[in-house]
$ cat upload-v4.pdb   # PDB, C-alpha atoms
ATOM      1  CA  ASP E   1     -14.352  16.050  21.765
ATOM      2  CA  ASN E   2     -17.028  17.815  23.850
ATOM      3  CA  GLY E   3     -17.039  21.036  21.827
ATOM      4  CA  HIS E   4     -19.763  22.476  19.624
ATOM      5  CA  GLY E   5     -19.767  19.603  17.116
ATOM      6  CA  MET E   6     -19.726  19.836  13.313
ATOM      7  CA  ASN E   7     -22.288  19.905  10.543
ATOM      8  CA  ALA E   8     -22.016  17.656   7.465
ATOM      9  CA  GLU E   9     -19.917  20.096   5.423
ATOM     10  CA  GLN E  10     -17.464  20.640   8.278
ATOM     11  CA  GLN E  11     -17.067  16.891   8.770
ATOM     12  CA  LEU E  12     -16.142  16.474   5.093
ATOM     13  CA  ARG E  13     -13.375  19.075   5.396
ATOM     14  CA  CYS E  14     -12.150  18.670   8.959
ATOM     15  CA  PHE E  15      -8.981  16.723   7.979
ATOM     16  CA  GLU E  16      -7.851  19.309   5.394
ATOM     17  CA  PRO E  17      -4.725  21.334   6.301
ATOM     18  CA  PHE E  18      -5.537  24.787   7.710
ATOM     19  CA  TYR E  19      -9.300  24.160   7.675
ATOM     20  CA  THR E  20     -10.847  25.403  10.906
ATOM     21  CA  THR E  21     -13.957  27.161  12.188
ATOM     22  CA  LYS E  22     -12.169  29.185  14.864
ATOM     23  CA  ASN E  23      -9.339  31.716  15.063
ATOM     24  CA  VAL E  24      -9.495  32.307  11.305
ATOM     25  CA  ASP E  25      -7.793  35.082   9.342
ATOM     26  CA  PRO E  26     -10.743  37.009   7.837
ATOM     27  CA  GLY E  27      -8.782  37.816   4.698
ATOM     28  CA  THR E  28      -7.487  34.359   3.763
ATOM     29  CA  GLY E  29      -9.723  31.961   5.682
ATOM     30  CA  VAL E  30      -6.580  30.243   7.017
ATOM     31  CA  GLY E  31      -6.379  29.252  10.687
ATOM     32  CA  LEU E  32      -4.056  31.340  12.847
ATOM     33  CA  SER E  33      -1.560  30.151  15.467
ATOM     34  CA  GLY E  34      -1.561  26.616  14.139
ATOM     35  CA  SER E  35      -5.351  26.260  14.060
ATOM     36  CA  GLY E  36      -6.479  23.741  11.475
ATOM     37  CA  LEU E  37      -3.353  21.564  11.515
ATOM     38  CA  GLY E  38      -4.062  19.130  14.352
ATOM     39  CA  LEU E  39      -6.546  16.853  12.583
ATOM     40  CA  SER E  40      -4.541  17.026   9.335
ATOM     41  CA  ALA E  41      -1.439  15.831  11.208
ATOM     42  CA  ALA E  42      -3.445  13.067  12.911
ATOM     43  CA  TYR E  43      -4.809  11.935   9.541
ATOM     44  CA  SER E  44      -1.297  11.818   8.031
ATOM     45  CA  ILE E  45       0.139   9.828  10.959
ATOM     46  CA  VAL E  46      -2.681   7.284  10.867
ATOM     47  CA  LYS E  47      -2.364   6.874   7.073
ATOM     48  CA  GLN E  48       1.407   6.366   7.357
ATOM     49  CA  HIS E  49       0.664   3.463   9.707
ATOM     50  CA  HIS E  50      -1.808   1.986   7.179
ATOM     51  CA  GLY E  51      -4.748   2.876   9.392
ATOM     52  CA  LEU E  52      -8.086   4.643   9.151
ATOM     53  CA  ILE E  53      -9.538   7.593  11.071
ATOM     54  CA  THR E  54     -13.246   8.440  11.011
ATOM     55  CA  VAL E  55     -15.455  11.077  12.597
ATOM     56  CA  THR E  56     -19.072  11.195  13.726
ATOM     57  CA  SER E  57     -20.503  14.470  14.986
ATOM     58  CA  GLU E  58     -23.696  16.328  15.784
ATOM     59  CA  VAL E  59     -23.969  20.090  16.144
ATOM     60  CA  GLY E  60     -24.291  20.829  19.843
ATOM     61  CA  GLU E  61     -23.324  17.257  20.802
ATOM     62  CA  GLY E  62     -19.558  17.196  20.196
ATOM     63  CA  SER E  63     -17.550  14.808  17.994
ATOM     64  CA  THR E  64     -16.152  11.290  18.213
ATOM     65  CA  PHE E  65     -13.006  10.296  16.326
ATOM     66  CA  SER E  66     -12.226   6.615  15.826
ATOM     67  CA  ILE E  67      -8.793   5.298  14.823
ATOM     68  CA  TYR E  68      -8.327   1.821  13.375
ATOM     69  CA  LEU E  69      -4.819   0.343  13.054
ATOM     70  CA  PRO E  70      -3.701  -2.992  11.571
ATOM     71  CA  LEU E  71      -3.396  -5.836  14.055
ATOM     72  CA  GLN E  72       0.186  -6.907  14.624
ATOM     73  CA  SER E  73       0.604 -10.666  14.785
ATOM     74  CA  PRO E  74       3.285 -12.473  16.851
ATOM     75  CA  GLU E  75       5.062 -13.267  13.559
ATOM     76  CA  ASP E  76       5.254  -9.562  12.742
ATOM     77  CA  GLN E  77       6.795  -8.831  16.134
ATOM     78  CA  ARG E  78       9.674 -11.205  15.433
ATOM     79  CA  VAL E  79      10.654  -9.363  12.256
ATOM     80  CA  PRO E  80      13.555  -6.947  12.928
ATOM     81  CA  VAL E  81      12.585  -3.302  12.821
ATOM     82  CA  ALA E  82      15.160  -2.682  10.092
ATOM     83  CA  ALA E  83      13.170  -4.918   7.746
ATOM     84  CA  HIS E  84      10.349  -2.383   7.817
ATOM     85  CA  ALA E  85      12.625   0.591   7.314
ATOM     86  CA  GLY E  86      13.088   2.533   4.107
ATOM     87  CA  PRO E  87      11.194   5.558   2.821
ATOM     88  CA  ASN E  88       9.768   3.773  -0.230
ATOM     89  CA  ARG E  89       8.522   0.585   1.459
ATOM     90  CA  SER E  90       4.899   1.720   1.638
ATOM     91  CA  MET E  91       5.003   4.063  -1.341
ATOM     92  CA  LYS E  92       2.311   3.599  -3.975
ATOM     93  CA  GLY E  93       4.068   5.546  -6.716
ATOM     94  CA  GLY E  94       5.710   8.800  -7.748
ATOM     95  CA  VAL E  95       4.496  12.266  -8.737
ATOM     96  CA  LEU E  96       6.406  14.884 -10.723
ATOM     97  CA  LEU E  97       5.689  18.522  -9.812
ATOM     98  CA  LEU E  98       5.820  21.167 -12.556
ATOM     99  CA  GLY E  99       5.369  24.861 -11.783
ATOM    100  CA  VAL E 100       4.660  24.435  -8.065
ATOM    101  CA  GLU E 101       5.776  27.625  -6.339
ATOM    102  CA  THR E 102       8.888  27.412  -4.178
ATOM    103  CA  GLY E 103       7.018  28.287  -0.995
ATOM    104  CA  SER E 104       4.536  25.461  -1.574
ATOM    105  CA  GLN E 105       6.886  22.680  -2.676
ATOM    106  CA  ALA E 106       7.635  21.322   0.811
ATOM    107  CA  PHE E 107       3.941  21.319   1.742
ATOM    108  CA  VAL E 108       2.846  19.545  -1.454
ATOM    109  CA  SER E 109       5.649  16.975  -1.124
ATOM    110  CA  SER E 110       4.714  16.287   2.507
ATOM    111  CA  LEU E 111       1.047  15.952   1.583
ATOM    112  CA  LEU E 112       1.853  13.481  -1.205
ATOM    113  CA  GLU E 113       4.097  11.470   1.111
ATOM    114  CA  SER E 114       1.279  11.249   3.657
ATOM    115  CA  VAL E 115      -0.897   9.456   1.072
ATOM    116  CA  GLY E 116       1.921   7.165  -0.088
ATOM    117  CA  TYR E 117       3.543   8.991  -3.013
ATOM    118  CA  ARG E 118       7.087  10.287  -3.353
ATOM    119  CA  SER E 119       7.566  13.453  -5.395
ATOM    120  CA  ARG E 120      10.178  15.334  -7.338
ATOM    121  CA  MET E 121      10.177  18.890  -8.648
ATOM    122  CA  VAL E 122      10.875  19.372 -12.366
ATOM    123  CA  TYR E 123      11.593  22.794 -13.824
ATOM    124  CA  ASP E 124      10.420  22.204 -17.386
ATOM    125  CA  VAL E 125       8.802  19.599 -19.601
ATOM    126  CA  ALA E 126      12.180  18.525 -20.993
ATOM    127  CA  GLN E 127      13.344  17.469 -17.526
ATOM    128  CA  ALA E 128      10.078  15.615 -16.943
ATOM    129  CA  ARG E 129      10.488  13.801 -20.275
ATOM    130  CA  GLU E 130      14.056  12.801 -19.403
ATOM    131  CA  LEU E 131      12.972  11.349 -16.042
ATOM    132  CA  LEU E 132      10.077   9.466 -17.619
ATOM    133  CA  GLN E 133      12.332   7.990 -20.281
ATOM    134  CA  ARG E 134      14.870   6.872 -17.688
ATOM    135  CA  GLU E 135      12.477   5.828 -14.904
ATOM    136  CA  SER E 136       9.095   5.349 -16.583
ATOM    137  CA  SER E 137       7.869   2.854 -13.980
ATOM    138  CA  SER E 138       8.704   5.215 -11.094
ATOM    139  CA  TRP E 139       6.393   8.100 -12.044
ATOM    140  CA  ASP E 140       2.631   7.718 -12.227
ATOM    141  CA  CYS E 141       1.495  11.308 -12.420
ATOM    142  CA  LEU E 142       2.453  14.885 -13.280
ATOM    143  CA  PHE E 143       1.061  17.760 -11.184
ATOM    144  CA  VAL E 144       0.925  21.001 -13.228
ATOM    145  CA  ASP E 145       0.167  24.316 -11.517
ATOM    146  CA  LEU E 146      -2.005  26.252 -13.991
ATOM    147  CA  ASP E 147      -1.504  29.460 -12.020
ATOM    148  CA  VAL E 148       2.168  29.340 -13.024
ATOM    149  CA  VAL E 149       2.431  27.155 -16.135
ATOM    150  CA  LYS E 150       0.692  28.600 -19.199
ATOM    151  CA  GLY E 151       0.750  28.812 -22.976
ATOM    152  CA  GLU E 152       3.205  26.676 -24.903
ATOM    153  CA  ILE E 153       4.224  24.700 -21.817
ATOM    154  CA  LEU E 154       0.679  23.341 -21.554
ATOM    155  CA  GLU E 155       0.875  22.235 -25.174
ATOM    156  CA  ASP E 156       4.161  20.504 -24.345
ATOM    157  CA  CYS E 157       2.355  18.694 -21.503
ATOM    158  CA  LYS E 158      -0.152  17.329 -24.014
ATOM    159  CA  GLN E 159       2.713  16.054 -26.150
ATOM    160  CA  LEU E 160       4.279  14.511 -23.060
ATOM    161  CA  TRP E 161       1.110  12.584 -22.319
ATOM    162  CA  GLY E 162       0.956  11.500 -25.966
ATOM    163  CA  ARG E 163       4.373   9.905 -25.581
ATOM    164  CA  PHE E 164       3.639   8.384 -22.153
ATOM    165  CA  PRO E 165      -0.067   7.387 -22.261
ATOM    166  CA  ASP E 166       0.100   5.739 -18.819
ATOM    167  CA  LEU E 167       0.975   9.077 -17.222
ATOM    168  CA  GLY E 168      -1.768  10.799 -15.251
ATOM    169  CA  ILE E 169      -1.898  14.603 -15.364
ATOM    170  CA  VAL E 170      -3.387  16.640 -12.523
ATOM    171  CA  ALA E 171      -3.974  20.365 -12.986
ATOM    172  CA  LEU E 172      -3.749  22.559  -9.887
ATOM    173  CA  ARG E 173      -5.550  25.909  -9.915
ATOM    174  CA  SER E 174      -6.895  28.537  -7.562
ATOM    175  CA  ALA E 175     -10.321  28.678  -9.196
ATOM    176  CA  PRO E 176     -12.296  26.460 -11.602
ATOM    177  CA  ARG E 177     -11.489  26.963 -15.239
ATOM    178  CA  ASP E 178     -14.133  28.039 -17.745
ATOM    179  CA  GLY E 179     -16.477  25.277 -18.793
ATOM    180  CA  GLY E 180     -15.297  25.587 -22.409
ATOM    181  CA  ALA E 181     -11.647  24.898 -21.625
ATOM    182  CA  GLN E 182     -10.231  21.699 -23.066
ATOM    183  CA  PRO E 183      -8.611  19.153 -20.741
ATOM    184  CA  LEU E 184      -4.877  18.566 -20.965
ATOM    185  CA  ALA E 185      -5.370  14.841 -21.476
ATOM    186  CA  ALA E 186      -7.899  12.071 -21.144
ATOM    187  CA  ARG E 187      -6.294  10.828 -17.932
ATOM    188  CA  GLU E 188      -6.484  14.184 -16.182
ATOM    189  CA  GLY E 189      -7.681  15.389 -12.805
ATOM    190  CA  PHE E 190      -8.271  18.816 -11.302
ATOM    191  CA  LEU E 191      -7.433  20.029  -7.803
ATOM    192  CA  GLU E 192      -8.332  23.395  -6.340
ATOM    193  CA  LYS E 193      -5.886  25.144  -4.035
ATOM    194  CA  PRO E 194      -5.284  25.031  -1.137
ATOM    195  CA  LEU E 195      -4.817  21.287  -1.503
ATOM    196  CA  GLY E 196      -6.261  18.862   1.027
ATOM    197  CA  VAL E 197      -5.269  15.315   1.929
ATOM    198  CA  TRP E 198      -8.619  13.838   0.965
ATOM    199  CA  SER E 199      -8.846  15.598  -2.409
ATOM    200  CA  VAL E 200      -5.289  14.644  -3.412
ATOM    201  CA  GLU E 201      -5.735  11.022  -2.373
ATOM    202  CA  SER E 202      -9.075  10.839  -4.181
ATOM    203  CA  VAL E 203      -7.769  12.105  -7.518
ATOM    204  CA  LEU E 204      -4.704   9.837  -7.368
ATOM    205  CA  GLN E 205      -6.873   6.814  -6.635
ATOM    206  CA  ARG E 206      -9.127   7.688  -9.569
ATOM    207  CA  LEU E 207      -6.186   8.028 -11.956
ATOM    208  CA  LYS E 208      -4.771   4.703 -10.728
ATOM    209  CA  ALA E 209      -8.112   3.059 -11.523
ATOM    210  CA  THR E 210      -8.381   4.618 -14.998
ATOM    211  CA  PRO E 211      -7.668   2.140 -17.837
ATOM    212  CA  LYS E 212      -4.195   2.632 -19.220
ATOM    213  CA  SER E 213      -5.137   2.285 -22.869
ATOM    214  CA  ARG E 214      -6.915   5.066 -24.756
TER     215      ARG E 214
END
$ encode --input "upload-v4.pdb" --output "structure tokens"
Amino acid sequence: DNGHGMNAEQQLRCFEPFYTTKNVDPGTGVGLSGSGLGLSAAYSIVKQHHGLITVTSEVGEGSTFSIYLPLQSPEDQRVPVAAHAGPNRSMKGGVLLLGVETGSQAFVSSLLESVGYRSRMVYDVAQARELLQRESSSWDCLFVDLDVVKGEILEDCKQLWGRFPDLGIVALRSAPRDGGAQPLAAREGFLEKPLGVWSVESVLQRLKATPKSR
């Protein structure tokens, strides 16, 4: 790319959905007319093919994007395409979504799928508990939108984690909470909205690596 190039902060965020430095809505900071979606889509496609995309850039010198994809061996080529089919073949786990607004559900689900996680919306803690009891090995994490879910429901989330200690809990919010606020659970993560591919993947990887026992 022979454009203006990017500084260090811009390189860290360039793959986030709607992040752009041009044609931006001054009120929301969101790119207009599709700006800010191209690199996010490229990142998702490369990840779905088990690849890696990197960027090097200098302000005033343009940018170079490198894509690395797994080598396909002759043995792989002989395997019928149908053997690789199936939406869950490359999935790393499952995420339950509690309180995610209707207009954001499709976006969050697509973002999770791009990093290897299937998702399902739950409308209350009771439904989440029922799914965990029936399919405990299928669900690794619960995303809770703190802008929507408040009060007693948060206390119910703590009880839920107490019953399923292997469950990771990720709190979504528009702004950082006060420093004195208590976490929902020991195996908890925080994500600020709008969500980005890198931030979501990072918190899920950290929760996966957290010891399961208290």
$ axis_aligned_box --input "upload-v4.pdb" --around "range 101-119 of chain E" --padding-each-side "5 Å" --output "JSON"
{"center_x": 4.0, "center_y": 17.7, "center_z": -1.3, "size_x": 19.8, "size_y": 31.1, "size_z": 20.0}
$ atom_distance --input "upload-v4.pdb" --atom1 "CA of Asp166 in chain E" --atom2 "CA of Asp145 in chain E"
20.0 Å
$ resolve_selection --input "upload-v4.pdb" --expression "the PyMOL selection byres ((chain E and resi 169) around 7)" --output "PyMOL selection string"
chain E and resi 141-143+167-168+170-171+187-189
$ resolve_selection --input "upload-v4.pdb" --expression "the PyMOL selection byres ((chain E and resi 4) around 7)" --output "PyMOL selection string"
chain E and resi 2-3+5-6+59-62
$ atom_distance --input "upload-v4.pdb" --atom1 "CA of Leu98 in chain E" --atom2 "CA of Ala126 in chain E"
10.9 Å
$ closest_residue --input "upload-v4.pdb" --among "E:Asn7, E:Arg13, E:Ala41, E:Val115" --to "Ser202 in chain E" --atoms "only C-alpha atoms"
E:Val115
$ closest_residue --input "upload-v4.pdb" --among "E:Ser138, E:Ser114, E:Val125, E:Leu132" --to "Gln159 in chain E" --atoms "only C-alpha atoms"
E:Val125
$ resolve_selection --input "upload-v4.pdb" --expression "the PyMOL selection byres ((chain E and resi 92) around 6)" --output "number ranges by chain"
E: 91, 93, 116-117
$ residues_around --input "upload-v4.pdb" --residues "Val149 in chain E" --least-positions-apart "3" --cutoff "10 Å" --atoms "all atoms listed in the file" --output "JSON, numbers by chain"
{"E": [98, 99, 100, 124, 144, 145, 146, 152, 153, 154, 171, 172]}
$ residues_around --input "upload-v4.pdb" --residues "Val197 in chain E" --least-positions-apart "2" --cutoff "10 Å" --atoms "all atoms listed in the file" --output "list of chain:residue names"
E:Arg13, E:Phe15, E:Glu16, E:Pro17, E:Ser40, E:Tyr43, E:Ser44, E:Val108, E:Leu111, E:Leu112, E:Ser114, E:Val115, E:Leu195, E:Ser199, E:Val200, E:Glu201, E:Ser202
$ residues_around --input "upload-v4.pdb" --residues "range 127-129 of chain E" --least-positions-apart "4" --cutoff "8 Å" --atoms "all atoms listed in the file" --output "PyMOL selection string"
chain E and resi 96+122-123+133+160
$ atom_distance --input "upload-v4.pdb" --atom1 "CA of Ile53 in chain E" --atom2 "CA of Ile67 in chain E"
4.5 Å
